[in-house]
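> Next up, input_26.pdb (PDB, C-alpha atoms).
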ATOM      1  CA  MET F 177      61.127   9.549   2.417
ATOM      2  CA  SER F 178      58.364  12.095   1.817
ATOM      3  CA  THR F 179      58.104  15.856   1.983
ATOM      4  CA  ASP F 180      55.447  18.291   3.162
ATOM      5  CA  LEU F 181      53.787  19.683   0.044
ATOM      6  CA  GLY F 182      52.124  22.498   1.953
ATOM      7  CA  LEU F 183      48.665  21.506   0.831
ATOM      8  CA  PRO F 184      45.731  23.174   2.593
ATOM      9  CA  GLY F 185      44.012  21.301   5.388
ATOM     10  CA  ARG F 186      40.303  20.649   5.727
ATOM     11  CA  ARG F 187      38.157  23.668   5.041
ATOM     12  CA  SER F 188      34.752  24.233   3.510
ATOM     13  CA  ALA F 189      34.550  23.078  -0.094
ATOM     14  CA  VAL F 190      32.869  26.333  -1.068
ATOM     15  CA  GLU F 191      35.277  28.575   0.834
ATOM     16  CA  HIS F 192      36.508  30.329  -2.307
ATOM     17  CA  VAL F 193      33.161  30.385  -4.105
ATOM     18  CA  PRO F 194      31.481  33.824  -4.003
ATOM     19  CA  ALA F 195      28.160  33.936  -2.193
ATOM     20  CA  THR F 196      25.143  35.413  -3.915
ATOM     21  CA  ASP F 197      24.042  38.895  -2.920
ATOM     22  CA  ARG F 198      20.377  38.379  -3.697
ATOM     23  CA  PRO F 199      17.813  35.792  -2.635
ATOM     24  CA  GLN F 200      17.404  32.823  -4.967
ATOM     25  CA  THR F 201      14.558  30.412  -5.555
ATOM     26  CA  GLY F 202      14.299  27.068  -7.317
ATOM     27  CA  LYS F 203      13.056  28.907 -10.411
ATOM     28  CA  ASP F 204      16.397  30.706 -10.721
ATOM     29  CA  PHE F 205      18.010  27.318 -11.253
ATOM     30  CA  THR F 206      15.406  26.050 -13.724
ATOM     31  CA  SER F 207      16.444  26.380 -17.362
ATOM     32  CA  ASP F 208      14.094  26.905 -20.303
ATOM     33  CA  GLN F 209      14.710  23.373 -21.600
ATOM     34  CA  GLU F 210      11.938  20.799 -21.688
ATOM     35  CA  VAL F 211      12.868  17.994 -19.278
ATOM     36  CA  ARG F 212      13.002  14.692 -21.122
ATOM     37  CA  TRP F 213      13.267  11.453 -19.213
ATOM     38  CA  CYS F 214      10.872   8.501 -19.173
ATOM     39  CA  PRO F 215       7.650   9.108 -17.195
ATOM     40  CA  GLY F 216       8.179   8.219 -13.545
ATOM     41  CA  CYS F 217      11.979   8.294 -13.725
ATOM     42  CA  GLY F 218      13.770   9.008 -10.458
ATOM     43  CA  ASP F 219      15.910  11.587 -12.261
ATOM     44  CA  TYR F 220      12.982  14.021 -12.068
ATOM     45  CA  ALA F 221      12.987  13.745  -8.286
ATOM     46  CA  VAL F 222      16.745  14.306  -8.099
ATOM     47  CA  LEU F 223      16.469  17.346 -10.384
ATOM     48  CA  LYS F 224      13.664  18.818  -8.316
ATOM     49  CA  ALA F 225      15.575  18.223  -5.091
ATOM     50  CA  MET F 226      18.675  19.851  -6.574
ATOM     51  CA  GLN F 227      16.689  22.878  -7.780
ATOM     52  CA  GLY F 228      15.207  23.143  -4.303
ATOM     53  CA  PHE F 229      18.553  22.772  -2.582
ATOM     54  CA  LEU F 230      20.826  25.080  -4.628
ATOM     55  CA  PRO F 231      19.149  28.312  -3.393
ATOM     56  CA  ASP F 232      19.995  27.197   0.155
ATOM     57  CA  LEU F 233      23.640  26.799  -0.810
ATOM     58  CA  GLY F 234      23.622  30.553  -1.475
ATOM     59  CA  LEU F 235      26.295  30.664  -4.184
ATOM     60  CA  ARG F 236      26.320  32.753  -7.332
ATOM     61  CA  ARG F 237      24.792  30.794 -10.180
ATOM     62  CA  GLU F 238      27.643  31.797 -12.477
ATOM     63  CA  ASN F 239      30.078  30.157 -10.062
ATOM     64  CA  ILE F 240      28.396  26.756 -10.143
ATOM     65  CA  VAL F 241      29.231  24.229 -12.836
ATOM     66  CA  PHE F 242      27.731  20.832 -13.549
ATOM     67  CA  VAL F 243      29.762  18.463 -15.700
ATOM     68  CA  SER F 244      28.176  15.279 -16.984
ATOM     69  CA  GLY F 245      29.193  12.362 -19.147
ATOM     70  CA  ILE F 246      26.809  10.391 -21.326
ATOM     71  CA  GLY F 247      23.559   8.717 -20.368
ATOM     72  CA  CYS F 248      20.134   9.610 -19.047
ATOM     73  CA  SER F 249      21.470  11.209 -15.876
ATOM     74  CA  SER F 250      23.939  13.224 -17.926
ATOM     75  CA  ARG F 251      21.123  15.333 -19.384
ATOM     76  CA  PHE F 252      21.065  17.011 -15.978
ATOM     77  CA  PRO F 253      23.111  20.149 -16.856
ATOM     78  CA  TYR F 254      20.584  21.108 -19.582
ATOM     79  CA  TYR F 255      17.904  21.578 -16.987
ATOM     80  CA  LEU F 256      19.838  23.698 -14.499
ATOM     81  CA  ASP F 257      20.385  27.394 -15.124
ATOM     82  CA  THR F 258      24.051  27.264 -14.103
ATOM     83  CA  TYR F 259      27.151  26.674 -16.156
ATOM     84  CA  GLY F 260      27.393  23.116 -17.381
ATOM     85  CA  MET F 261      29.012  20.758 -19.801
ATOM     86  CA  HIS F 262      27.594  17.595 -21.307
ATOM     87  CA  SER F 263      30.962  16.016 -21.865
ATOM     88  CA  ILE F 264      32.611  12.779 -22.933
ATOM     89  CA  HIS F 265      31.413   9.311 -21.985
ATOM     90  CA  GLY F 266      32.984   8.394 -18.644
ATOM     91  CA  ARG F 267      35.337  11.369 -18.682
ATOM     92  CA  ALA F 268      33.323  13.909 -16.713
ATOM     93  CA  PRO F 269      35.502  13.428 -13.576
ATOM     94  CA  SER F 270      38.616  14.279 -15.636
ATOM     95  CA  ILE F 271      37.112  17.420 -17.141
ATOM     96  CA  ALA F 272      35.801  18.421 -13.721
ATOM     97  CA  THR F 273      39.278  17.828 -12.264
ATOM     98  CA  GLY F 274      40.645  20.355 -14.736
ATOM     99  CA  ILE F 275      37.932  22.883 -13.909
ATOM    100  CA  ALA F 276      38.271  22.454 -10.156
ATOM    101  CA  THR F 277      42.061  22.673 -10.092
ATOM    102  CA  THR F 278      42.227  25.816 -12.227
ATOM    103  CA  ARG F 279      39.193  27.636 -10.820
ATOM    104  CA  SER F 280      38.925  27.479  -7.043
ATOM    105  CA  ASP F 281      36.081  30.018  -7.243
ATOM    106  CA  LEU F 282      33.715  27.436  -8.753
ATOM    107  CA  SER F 283      31.506  24.874  -7.073
ATOM    108  CA  VAL F 284      32.109  21.858  -9.303
ATOM    109  CA  TRP F 285      29.664  18.969  -9.590
ATOM    110  CA  VAL F 286      29.868  15.820 -11.668
ATOM    111  CA  VAL F 287      26.621  14.144 -12.654
ATOM    112  CA  THR F 288      27.026  10.606 -13.877
ATOM    113  CA  GLY F 289      25.324   7.233 -13.941
ATOM    114  CA  ASP F 290      26.297   3.682 -13.076
ATOM    115  CA  GLY F 291      27.377   2.840 -16.621
ATOM    116  CA  ASP F 292      29.133   6.140 -17.304
ATOM    117  CA  ALA F 293      31.001   6.237 -13.989
ATOM    118  CA  LEU F 294      31.681   2.595 -13.230
ATOM    119  CA  SER F 295      32.132   1.016 -16.638
ATOM    120  CA  ILE F 296      33.100   3.451 -19.386
ATOM    121  CA  GLY F 297      34.816   5.834 -16.966
ATOM    122  CA  GLY F 298      35.785   3.447 -14.177
ATOM    123  CA  ASN F 299      39.392   4.558 -14.004
ATOM    124  CA  HIS F 300      38.589   8.251 -14.306
ATOM    125  CA  LEU F 301      36.240   7.933 -11.353
ATOM    126  CA  ILE F 302      38.652   6.212  -8.989
ATOM    127  CA  HIS F 303      41.521   8.535  -9.835
ATOM    128  CA  ALA F 304      39.389  11.637  -9.365
ATOM    129  CA  LEU F 305      38.516  10.230  -5.947
ATOM    130  CA  ARG F 306      42.076   9.408  -4.908
ATOM    131  CA  ARG F 307      43.436  12.746  -6.179
ATOM    132  CA  ASN F 308      41.521  14.645  -3.547
ATOM    133  CA  VAL F 309      40.065  17.206  -5.959
ATOM    134  CA  ASN F 310      37.509  19.717  -4.735
ATOM    135  CA  LEU F 311      34.484  18.336  -6.532
ATOM    136  CA  THR F 312      31.255  16.513  -5.794
ATOM    137  CA  ILE F 313      30.248  13.464  -7.778
ATOM    138  CA  LEU F 314      26.594  12.484  -8.002
ATOM    139  CA  LEU F 315      26.166   8.965  -9.272
ATOM    140  CA  PHE F 316      22.600   8.131 -10.292
ATOM    141  CA  ASN F 317      22.482   4.389  -9.924
ATOM    142  CA  ASN F 318      19.524   2.759 -11.622
ATOM    143  CA  ARG F 319      21.421  -0.499 -12.230
ATOM    144  CA  ILE F 320      20.714  -0.576 -15.974
ATOM    145  CA  TYR F 321      21.684   1.215 -19.185
ATOM    146  CA  GLY F 322      18.414   3.084 -19.644
ATOM    147  CA  LEU F 323      19.297   5.385 -22.548
ATOM    148  CA  THR F 324      20.214   2.469 -24.806
ATOM    149  CA  LYS F 325      17.016   0.617 -23.832
ATOM    150  CA  GLY F 326      18.154  -1.673 -21.069
ATOM    151  CA  GLN F 327      21.401  -3.590 -21.112
ATOM    152  CA  TYR F 328      22.834  -4.806 -17.807
ATOM    153  CA  SER F 329      25.270  -2.378 -16.173
ATOM    154  CA  PRO F 330      28.174  -2.725 -13.703
ATOM    155  CA  THR F 331      25.712  -2.472 -10.831
ATOM    156  CA  SER F 332      23.089  -4.865 -12.209
ATOM    157  CA  GLU F 333      22.486  -7.780  -9.904
ATOM    158  CA  ALA F 334      23.781 -11.206 -10.933
ATOM    159  CA  GLY F 335      21.167 -13.044 -12.963
ATOM    160  CA  LYS F 336      19.594  -9.877 -14.380
ATOM    161  CA  VAL F 337      17.569 -10.710 -17.468
ATOM    162  CA  THR F 338      17.733  -8.113 -20.233
ATOM    163  CA  LYS F 339      17.431  -8.298 -24.016
ATOM    164  CA  SER F 340      21.214  -8.653 -24.210
ATOM    165  CA  THR F 341      21.411 -11.167 -21.343
ATOM    166  CA  PRO F 342      18.328 -13.325 -21.947
ATOM    167  CA  MET F 343      19.717 -16.113 -19.719
ATOM    168  CA  GLY F 344      20.657 -13.651 -16.953
ATOM    169  CA  SER F 345      23.821 -11.619 -16.394
ATOM    170  CA  VAL F 346      26.683 -13.684 -14.930
ATOM    171  CA  ASP F 347      28.670 -10.696 -13.670
ATOM    172  CA  HIS F 348      28.974  -9.814 -10.026
ATOM    173  CA  PRO F 349      27.985  -6.155  -9.472
ATOM    174  CA  PHE F 350      30.087  -3.311  -8.116
ATOM    175  CA  ASN F 351      29.046  -1.810  -4.825
ATOM    176  CA  PRO F 352      29.630   1.905  -5.650
ATOM    177  CA  VAL F 353      29.957   2.933  -2.005
ATOM    178  CA  SER F 354      32.633   0.276  -1.363
ATOM    179  CA  LEU F 355      34.432   1.396  -4.508
ATOM    180  CA  ALA F 356      34.445   5.038  -3.393
ATOM    181  CA  LEU F 357      35.625   4.125   0.084
ATOM    182  CA  GLY F 358      38.307   1.904  -1.427
ATOM    183  CA  ALA F 359      39.549   4.893  -3.433
ATOM    184  CA  GLU F 360      39.574   6.887  -0.186
ATOM    185  CA  GLY F 361      36.823   9.352  -1.069
ATOM    186  CA  THR F 362      36.373  11.227   2.193
ATOM    187  CA  PHE F 363      32.672  11.948   1.982
ATOM    188  CA  VAL F 364      30.684   9.008   0.737
ATOM    189  CA  ALA F 365      26.920   8.808   1.098
ATOM    190  CA  ARG F 366      24.016   6.929  -0.334
ATOM    191  CA  THR F 367      20.441   8.114  -0.547
ATOM    192  CA  ILE F 368      17.260   7.448  -2.509
ATOM    193  CA  ASP F 369      15.301   9.586  -4.941
ATOM    194  CA  SER F 370      11.916   8.969  -3.331
ATOM    195  CA  ASP F 371      12.954  10.402   0.044
ATOM    196  CA  ARG F 372      13.326  14.089  -0.731
ATOM    197  CA  LYS F 373      14.217  15.087   2.810
ATOM    198  CA  HIS F 374      17.087  12.629   3.065
ATOM    199  CA  LEU F 375      18.193  13.337  -0.492
ATOM    200  CA  THR F 376      18.381  17.070   0.241
ATOM    201  CA  SER F 377      20.290  16.496   3.479
ATOM    202  CA  VAL F 378      22.888  14.417   1.628
ATOM    203  CA  LEU F 379      23.240  17.010  -1.152
ATOM    204  CA  SER F 380      23.702  19.674   1.472
ATOM    205  CA  ALA F 381      26.354  17.732   3.383
ATOM    206  CA  ALA F 382      28.164  16.756   0.180
ATOM    207  CA  ALA F 383      28.275  20.324  -1.126
ATOM    208  CA  VAL F 384      30.213  21.870   1.716
ATOM    209  CA  LYS F 385      32.236  19.113   3.404
ATOM    210  CA  GLY F 386      36.028  19.284   3.204
ATOM    211  CA  PRO F 387      38.248  19.906   0.188
ATOM    212  CA  ASP F 388      38.077  16.231  -0.674
ATOM    213  CA  PRO F 389      36.179  14.585  -3.467
ATOM    214  CA  ARG F 390      32.709  13.683  -2.404
ATOM    215  CA  PHE F 391      30.685  10.901  -3.754
ATOM    216  CA  CYS F 392      26.957  10.408  -3.592
ATOM    217  CA  ASN F 393      25.600   7.125  -4.734
ATOM    218  CA  ARG F 394      21.994   7.791  -5.467
ATOM    219  CA  ARG F 395      19.907   4.690  -5.660
ATOM    220  CA  ARG F 396      17.113   5.307  -8.105
ATOM    221  CA  LYS F 397      13.828   3.679  -7.378
ATOM    222  CA  GLY F 398      12.082   4.116 -10.680
ATOM    223  CA  CYS F 399      13.496   3.209 -14.072
ATOM    224  CA  ARG F 400      11.201   1.591 -16.568
ATOM    225  CA  HIS F 401      14.138  -0.274 -18.068
ATOM    226  CA  GLY F 402      15.106  -1.746 -14.719
ATOM    227  CA  ARG F 403      11.769  -3.057 -13.565
TER     228      ARG F 403
ATOM    229  CA  MET S  13       5.226  23.939 -13.448
ATOM    230  CA  THR S  14       3.478  20.806 -12.306
ATOM    231  CA  TYR S  15       0.844  18.249 -13.188
ATOM    232  CA  VAL S  16      -2.757  19.025 -12.240
ATOM    233  CA  ILE S  17      -5.824  16.845 -11.719
ATOM    234  CA  ALA S  18      -9.018  18.319 -13.178
ATOM    235  CA  GLN S  19     -12.798  17.805 -12.959
ATOM    236  CA  PRO S  20     -13.069  14.318 -14.554
ATOM    237  CA  CYS S  21     -11.670  12.957 -11.256
ATOM    238  CA  ILE S  22     -14.552  14.318  -9.193
ATOM    239  CA  ASP S  23     -16.541  11.457  -7.633
ATOM    240  CA  VAL S  24     -14.414   8.906  -9.515
ATOM    241  CA  LYS S  25     -11.049   8.718  -7.723
ATOM    242  CA  ASP S  26      -9.703   5.721  -9.616
ATOM    243  CA  ARG S  27      -6.370   6.026  -7.732
ATOM    244  CA  ALA S  28      -4.290   4.422 -10.497
ATOM    245  CA  CYS S  29      -2.171   7.582 -10.351
ATOM    246  CA  VAL S  30      -1.551   7.137  -6.631
ATOM    247  CA  ASP S  31       0.040   3.733  -7.246
ATOM    248  CA  GLU S  32       2.166   5.134 -10.050
ATOM    249  CA  CYS S  33       3.468   8.300  -8.381
ATOM    250  CA  PRO S  34       7.122   7.739  -7.368
ATOM    251  CA  VAL S  35       7.145  10.568  -4.831
ATOM    252  CA  ASP S  36       3.731   9.937  -3.229
ATOM    253  CA  CYS S  37       2.472  13.483  -3.857
ATOM    254  CA  ILE S  38      -1.168  12.682  -4.795
ATOM    255  CA  TYR S  39      -3.504  13.363  -1.879
ATOM    256  CA  GLU S  40      -7.021  12.047  -1.585
ATOM    257  CA  GLY S  41      -9.879  14.389  -0.765
ATOM    258  CA  PRO S  42     -13.479  13.304  -0.135
ATOM    259  CA  ARG S  43     -14.477  13.854  -3.791
ATOM    260  CA  MET S  44     -11.283  13.987  -5.832
ATOM    261  CA  LEU S  45      -7.507  13.535  -5.796
ATOM    262  CA  TYR S  46      -5.105  16.469  -5.670
ATOM    263  CA  ILE S  47      -1.449  16.781  -6.685
ATOM    264  CA  GLN S  48       0.688  18.714  -4.215
ATOM    265  CA  PRO S  49       2.334  21.215  -6.599
ATOM    266  CA  ASP S  50       5.549  21.612  -4.592
ATOM    267  CA  GLU S  51       6.068  17.898  -4.083
ATOM    268  CA  CYS S  52       5.308  16.918  -7.699
ATOM    269  CA  VAL S  53       8.571  16.409  -9.601
ATOM    270  CA  ASP S  54       6.913  16.662 -13.050
ATOM    271  CA  CYS S  55       7.857  13.098 -13.997
ATOM    272  CA  GLY S  56       4.598  12.453 -15.852
ATOM    273  CA  ALA S  57       4.042   8.913 -14.560
ATOM    274  CA  CYS S  58       0.468   9.652 -13.473
ATOM    275  CA  GLU S  59      -0.842  11.239 -16.643
ATOM    276  CA  PRO S  60      -1.036   8.175 -18.950
ATOM    277  CA  VAL S  61      -2.475   5.808 -16.311
ATOM    278  CA  CYS S  62      -5.555   7.887 -15.486
ATOM    279  CA  PRO S  63      -8.574   6.115 -17.000
ATOM    280  CA  GLN S  64     -10.539   9.374 -16.785
ATOM    281  CA  GLU S  65      -7.801  11.356 -18.564
ATOM    282  CA  ALA S  66      -8.154  13.853 -15.755
ATOM    283  CA  ILE S  67      -4.454  14.649 -15.357
ATOM    284  CA  PHE S  68      -2.760  17.358 -17.390
ATOM    285  CA  TYR S  69       0.594  19.049 -17.480
ATOM    286  CA  GLU S  70      -0.096  22.603 -16.377
ATOM    287  CA  ASP S  71       0.710  24.035 -19.819
ATOM    288  CA  ASP S  72      -1.612  21.550 -21.529
ATOM    289  CA  LEU S  73      -4.734  22.131 -19.431
ATOM    290  CA  PRO S  74      -7.891  22.673 -21.484
ATOM    291  CA  ALA S  75      -9.393  26.131 -20.987
ATOM    292  CA  GLU S  76     -12.322  24.859 -18.889
ATOM    293  CA  SER S  77      -9.864  23.322 -16.401
ATOM    294  CA  PHE S  78      -7.570  26.298 -15.816
ATOM    295  CA  SER S  79      -9.204  26.863 -12.444
ATOM    296  CA  PHE S  80      -7.773  23.592 -11.114
ATOM    297  CA  VAL S  81      -4.286  25.098 -10.980
ATOM    298  CA  ALA S  82      -5.505  27.648  -8.457
ATOM    299  CA  ILE S  83      -7.569  24.988  -6.681
ATOM    300  CA  SER S  84      -4.441  22.874  -6.069
ATOM    301  CA  VAL S  85      -2.376  25.849  -4.966
ATOM    302  CA  ASP S  86      -5.144  27.116  -2.648
ATOM    303  CA  LEU S  87      -5.801  23.737  -1.106
ATOM    304  CA  PHE S  88      -2.165  23.170  -0.198
ATOM    305  CA  ALA S  89      -1.529  26.763   0.841
ATOM    306  CA  GLY S  90      -3.101  25.804   4.144
ATOM    307  CA  LEU S  91      -1.699  22.282   4.353
ATOM    308  CA  GLY S  92       1.856  23.028   3.285
ATOM    309  CA  SER S  93       4.011  20.173   2.118
ATOM    310  CA  PRO S  94       3.057  17.104   4.171
ATOM    311  CA  GLY S  95       5.858  15.057   2.605
ATOM    312  CA  GLY S  96       3.936  11.985   1.463
ATOM    313  CA  ALA S  97       0.274  11.121   1.006
ATOM    314  CA  ALA S  98       0.469   7.584   2.425
ATOM    315  CA  ASN S  99       1.595   8.762   5.853
ATOM    316  CA  PHE S 100      -0.547  11.881   5.817
ATOM    317  CA  GLY S 101      -3.786  10.035   5.118
ATOM    318  CA  PRO S 102      -6.866  11.328   3.308
ATOM    319  CA  LEU S 103      -7.854  14.988   3.470
ATOM    320  CA  THR S 104     -10.974  15.712   5.458
ATOM    321  CA  VAL S 105     -12.326  18.432   3.188
ATOM    322  CA  ASP S 106     -12.243  19.223  -0.508
ATOM    323  CA  HIS S 107     -11.473  22.623  -1.935
ATOM    324  CA  PRO S 108     -14.722  24.662  -1.644
ATOM    325  CA  VAL S 109     -15.067  24.876  -5.429
ATOM    326  CA  VAL S 110     -14.822  21.087  -5.744
ATOM    327  CA  ALA S 111     -17.129  20.533  -2.780
ATOM    328  CA  ALA S 112     -19.736  22.773  -4.440
ATOM    329  CA  THR S 113     -19.534  21.032  -7.807
ATOM    330  CA  GLU S 114     -22.757  19.171  -8.502
ATOM    331  CA  THR S 115     -22.566  15.483  -9.309
ATOM    332  CA  GLY S 116     -22.657  14.858 -13.018
ATOM    333  CA  GLN S 117     -21.779  18.448 -13.793
ATOM    334  CA  ALA S 118     -18.287  17.464 -14.825
TER     335      ALA S 118
END
Please express the file's structure as structure tokens.

Amino acid sequence: MSTDLGLPGRRSAVEHVPATDRPQTGKDFTSDQEVRWCPGCGDYAVLKAMQGFLPDLGLRRENIVFVSGIGCSSRFPYYLDTYGMHSIHGRAPSIATGIATTRSDLSVWVVTGDGDALSIGGNHLIHALRRNVNLTILLFNNRIYGLTKGQYSPTSEAGKVTKSTPMGSVDHPFNPVSLALGAEGTFVARTIDSDRKHLTSVLSAAAVKGPDPRFCNRRRKGCRHGR
Amino acid sequence: MTYVIAQPCIDVKDRACVDECPVDCIYEGPRMLYIQPDECVDCGACEPVCPQEAIFYEDDLPAESFSFVAISVDLFAGLGSPGGAANFGPLTVDHPVVAATETGQA
């Protein structure tokens, strides 16, 4: 037996987020922090695409929040002039769940990487997805632990040779999109850093679709630790 | 902010940067290469591979190269953002200032 909980149906994810009353540009979303990733890293392209896309979303900057865990990708909130939190390893989806459920007037984003989301925070990720929280998860998947100088990650291909797996990794990798679909995330998309047009279209679709958790698996082309 | 290619590239065009650029934003003119300032994501991959040391972060440009910021902006003001140098192909003309630079002057 089950009962109708009276939960809202599908509406725009930013329905309760106040729109800005003045035009914005990418510069409005650029913080004063020096961006520090390895030269050529795909994270730069994602950051630039995000700074280019947020003005189009047309929300007040003070009503946007980026929550990250630990890792290279998790430096993201430093570089955006919005609210943000560089939080606990793997636990960004949980903190974002708290923010999103108590403040419906915020556009809540989680920025995470393959290690942070799929290994350290594997359970937090799948439960955030199944709980149907109004948040968007961006998973930067470079298939390696870059910040700690290159150990194999949950998405590294079998046989990956790193300093910690000199004979090749024996683990079978996660497919992040399958994982998100398995947890019943209702908007799941994959894109690539080097295709700015496609990347922006996915960010745009992910930002407004439904009240359900959205999951973007961003395949990163360039990571010096993954080459 | 963006990376900028300056006068040491003129009549050299090594193209090492073109291979390195992850977003394909370095366009080839008849005499030098140009970074599209809106397409550049500031990742810095190009700067260390240039054998001419012609590439600078905008804030780090030497005084004699300041003009190359305006040269890049001017050049692409007409072209817009082509979205990738490989598909766009080489540019047919240089910026007038570059075209007028005498060989060996740089």
> Residues of chain F that have any atom at most 7 Å from an atom of chain S: could you tabulate them with the shortest-distance atom pair and the distance in Å to one decimal, using all atoms listed in the file, ordered by chain and increasing number, as CSV?

residue,atom,partner,partner_atom,distance
F:Pro215,CA,S:Ala57,CA,4.5
F:Gly216,CA,S:Ala57,CA,4.3
F:Cys217,CA,S:Cys55,CA,6.3
F:Tyr220,CA,S:Cys55,CA,5.6
F:Ala221,CA,S:Val53,CA,5.3
F:Lys224,CA,S:Val53,CA,5.8
F:Ser370,CA,S:Val35,CA,5.3
F:Gly398,CA,S:Pro34,CA,7.0
> Restrict the selected residues to C-alpha atoms and save them as a PDB file, keeping the file's coordinate frame.

ATOM      1  CA  PRO F 215       7.650   9.108 -17.195  1.00  0.00           C
ATOM      2  CA  GLY F 216       8.179   8.219 -13.545  1.00  0.00           C
ATOM      3  CA  CYS F 217      11.979   8.294 -13.725  1.00  0.00           C
ATOM      4  CA  TYR F 220      12.982  14.021 -12.068  1.00  0.00           C
ATOM      5  CA  ALA F 221      12.987  13.745  -8.286  1.00  0.00           C
ATOM      6  CA  LYS F 224      13.664  18.818  -8.316  1.00  0.00           C
ATOM      7  CA  SER F 370      11.916   8.969  -3.331  1.00  0.00           C
ATOM      8  CA  GLY F 398      12.082   4.116 -10.680  1.00  0.00           C
TER       9      GLY F 398
END
> Box for segment 68-82 of chain S: with edges along x, y and z, all listed atoms inside and 8 Å added on each side, what are the centre and edge lengths in Å to one decimal, as lines of an AutoDock Vina configuration file?

center_x = -5.8
center_y = 22.5
center_z = -15.0
size_x = 29.0
size_y = 26.3
size_z = 29.1
> Need the shell around segment 42-46 of chain S: protein/DNA/RNA residues with any atom at most 8 Å away, counting only C-alpha atoms. Skip same-chain ones fewer than 5 positions apart. Format as a PDB file with C-alpha atoms, keeping the file's coordinate frame?

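Output file part.pdb is given in full below:
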ATOM      1  CA  VAL S  16      -2.757  19.025 -12.240  1.00  0.00           C
ATOM      2  CA  ILE S  17      -5.824  16.845 -11.719  1.00  0.00           C
ATOM      3  CA  CYS S  21     -11.670  12.957 -11.256  1.00  0.00           C
ATOM      4  CA  ILE S  22     -14.552  14.318  -9.193  1.00  0.00           C
ATOM      5  CA  ASP S  23     -16.541  11.457  -7.633  1.00  0.00           C
ATOM      6  CA  VAL S  24     -14.414   8.906  -9.515  1.00  0.00           C
ATOM      7  CA  LYS S  25     -11.049   8.718  -7.723  1.00  0.00           C
ATOM      8  CA  ARG S  27      -6.370   6.026  -7.732  1.00  0.00           C
ATOM      9  CA  SER S  84      -4.441  22.874  -6.069  1.00  0.00           C
ATOM     10  CA  PRO S 102      -6.866  11.328   3.308  1.00  0.00           C
ATOM     11  CA  LEU S 103      -7.854  14.988   3.470  1.00  0.00           C
ATOM     12  CA  THR S 104     -10.974  15.712   5.458  1.00  0.00           C
ATOM     13  CA  VAL S 105     -12.326  18.432   3.188  1.00  0.00           C
ATOM     14  CA  ASP S 106     -12.243  19.223  -0.508  1.00  0.00           C
ATOM     15  CA  VAL S 110     -14.822  21.087  -5.744  1.00  0.00           C
ATOM     16  CA  ALA S 111     -17.129  20.533  -2.780  1.00  0.00           C
TER      17      ALA S 111
END
> Name every residue that the PyMOL selection byres ((chain S and resi 64) around 8) selects in this structure, writing the answer as JSON, numbers by chain with chains first and numbers rising.
{"S": [20, 21, 62, 63, 65, 66]}
> Could you give me, as a PyMOL selection string, the residues within 6 Å of segment 283-299 of chain F, counting only C-alpha atoms and dropping anything in the same chain fewer than 4 positions from it?
chain F and resi 240-245+249-250+266-267+311-317+329
> Measuring between all atoms listed in the file, which one of S:Val61, S:Ala98, S:Ala112, S:Leu87 shows the shortest distance to Cys29 of chain S?
S:Val61
> Can you pull out the residues contacting Gln48 of chain S? Cut-off 8 Å, using all atoms listed in the file, and skip same-chain residues under 4 positions away; I want them as number ranges by chain.
S: 37-39, 52, 84-85, 88, 93
> Please indicate the distance in Å from atom CA of Leu305 of chain F to atom CA of Thr362 of chain F, rounded to one decimal place.
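Distance reported for this atom pair: 8.5 Å.
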> Just give me the residues with any atom within 8 Å of (15.8, 15.2, -22.7), file coordinates, counting only C-alpha atoms, written as a PDB file with C-alpha atoms, in the frame of the given file.

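The file below, part.pdb, is the result:
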ATOM      1  CA  GLU F 210      11.938  20.799 -21.688  1.00  0.00           C
ATOM      2  CA  VAL F 211      12.868  17.994 -19.278  1.00  0.00           C
ATOM      3  CA  ARG F 212      13.002  14.692 -21.122  1.00  0.00           C
ATOM      4  CA  TRP F 213      13.267  11.453 -19.213  1.00  0.00           C
ATOM      5  CA  CYS F 248      20.134   9.610 -19.047  1.00  0.00           C
ATOM      6  CA  ARG F 251      21.123  15.333 -19.384  1.00  0.00           C
TER       7      ARG F 251
END
> Would you write out, as a ChimeraX atom specification, every residue that the PyMOL selection byres ((chain F and resi 204) around 9) captures in this file?
/F:200-203,205-207,227,231,237,256-257
> As an exercise, work out the distance from atom CA of Leu301 of chain F to atom CA of Gly344 of chain F in Å and give it to one decimal place.
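Atom CA of Leu301 of chain F sits 27.2 Å away from atom CA of Gly344 of chain F.
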> Just give me the gap between atom CA of Arg372 of chain F and atom CA of Val222 of chain F in Å, one decimal is fine.
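We find that atom CA of Arg372 of chain F and atom CA of Val222 of chain F lie 8.1 Å from each other.
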> For Val190 of chain F, list every protein, DNA or RNA residue within 8 Å, evaluated using all atoms listed in the file, and leave out those in the same chain fewer than 2 positions away; present the list as a PyMOL selection string.
chain F and resi 188+192-193+281-283+383-384
> Using only C-alpha atoms, which residues sit within 7 Å of Ala18 of chain S once same-chain residues fewer than 4 positions away are excluded, as a PyMOL selection string?
chain S and resi 66-67+77+80
> Would you please work out which residue, of F:Ala195, F:Ala225, F:Ile264, F:Leu355, is nearest to Asn239 of chain F when using only C-alpha atoms?
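Using only C-alpha atoms, the shortest distance to Asn239 of chain F belongs to F:Ala195.
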> Taking only C-alpha atoms into account, name the residue in S:Asp31, S:Asp86, S:Asp26, S:Glu40 that is nearest to Gly101 of chain S.
S:Glu40
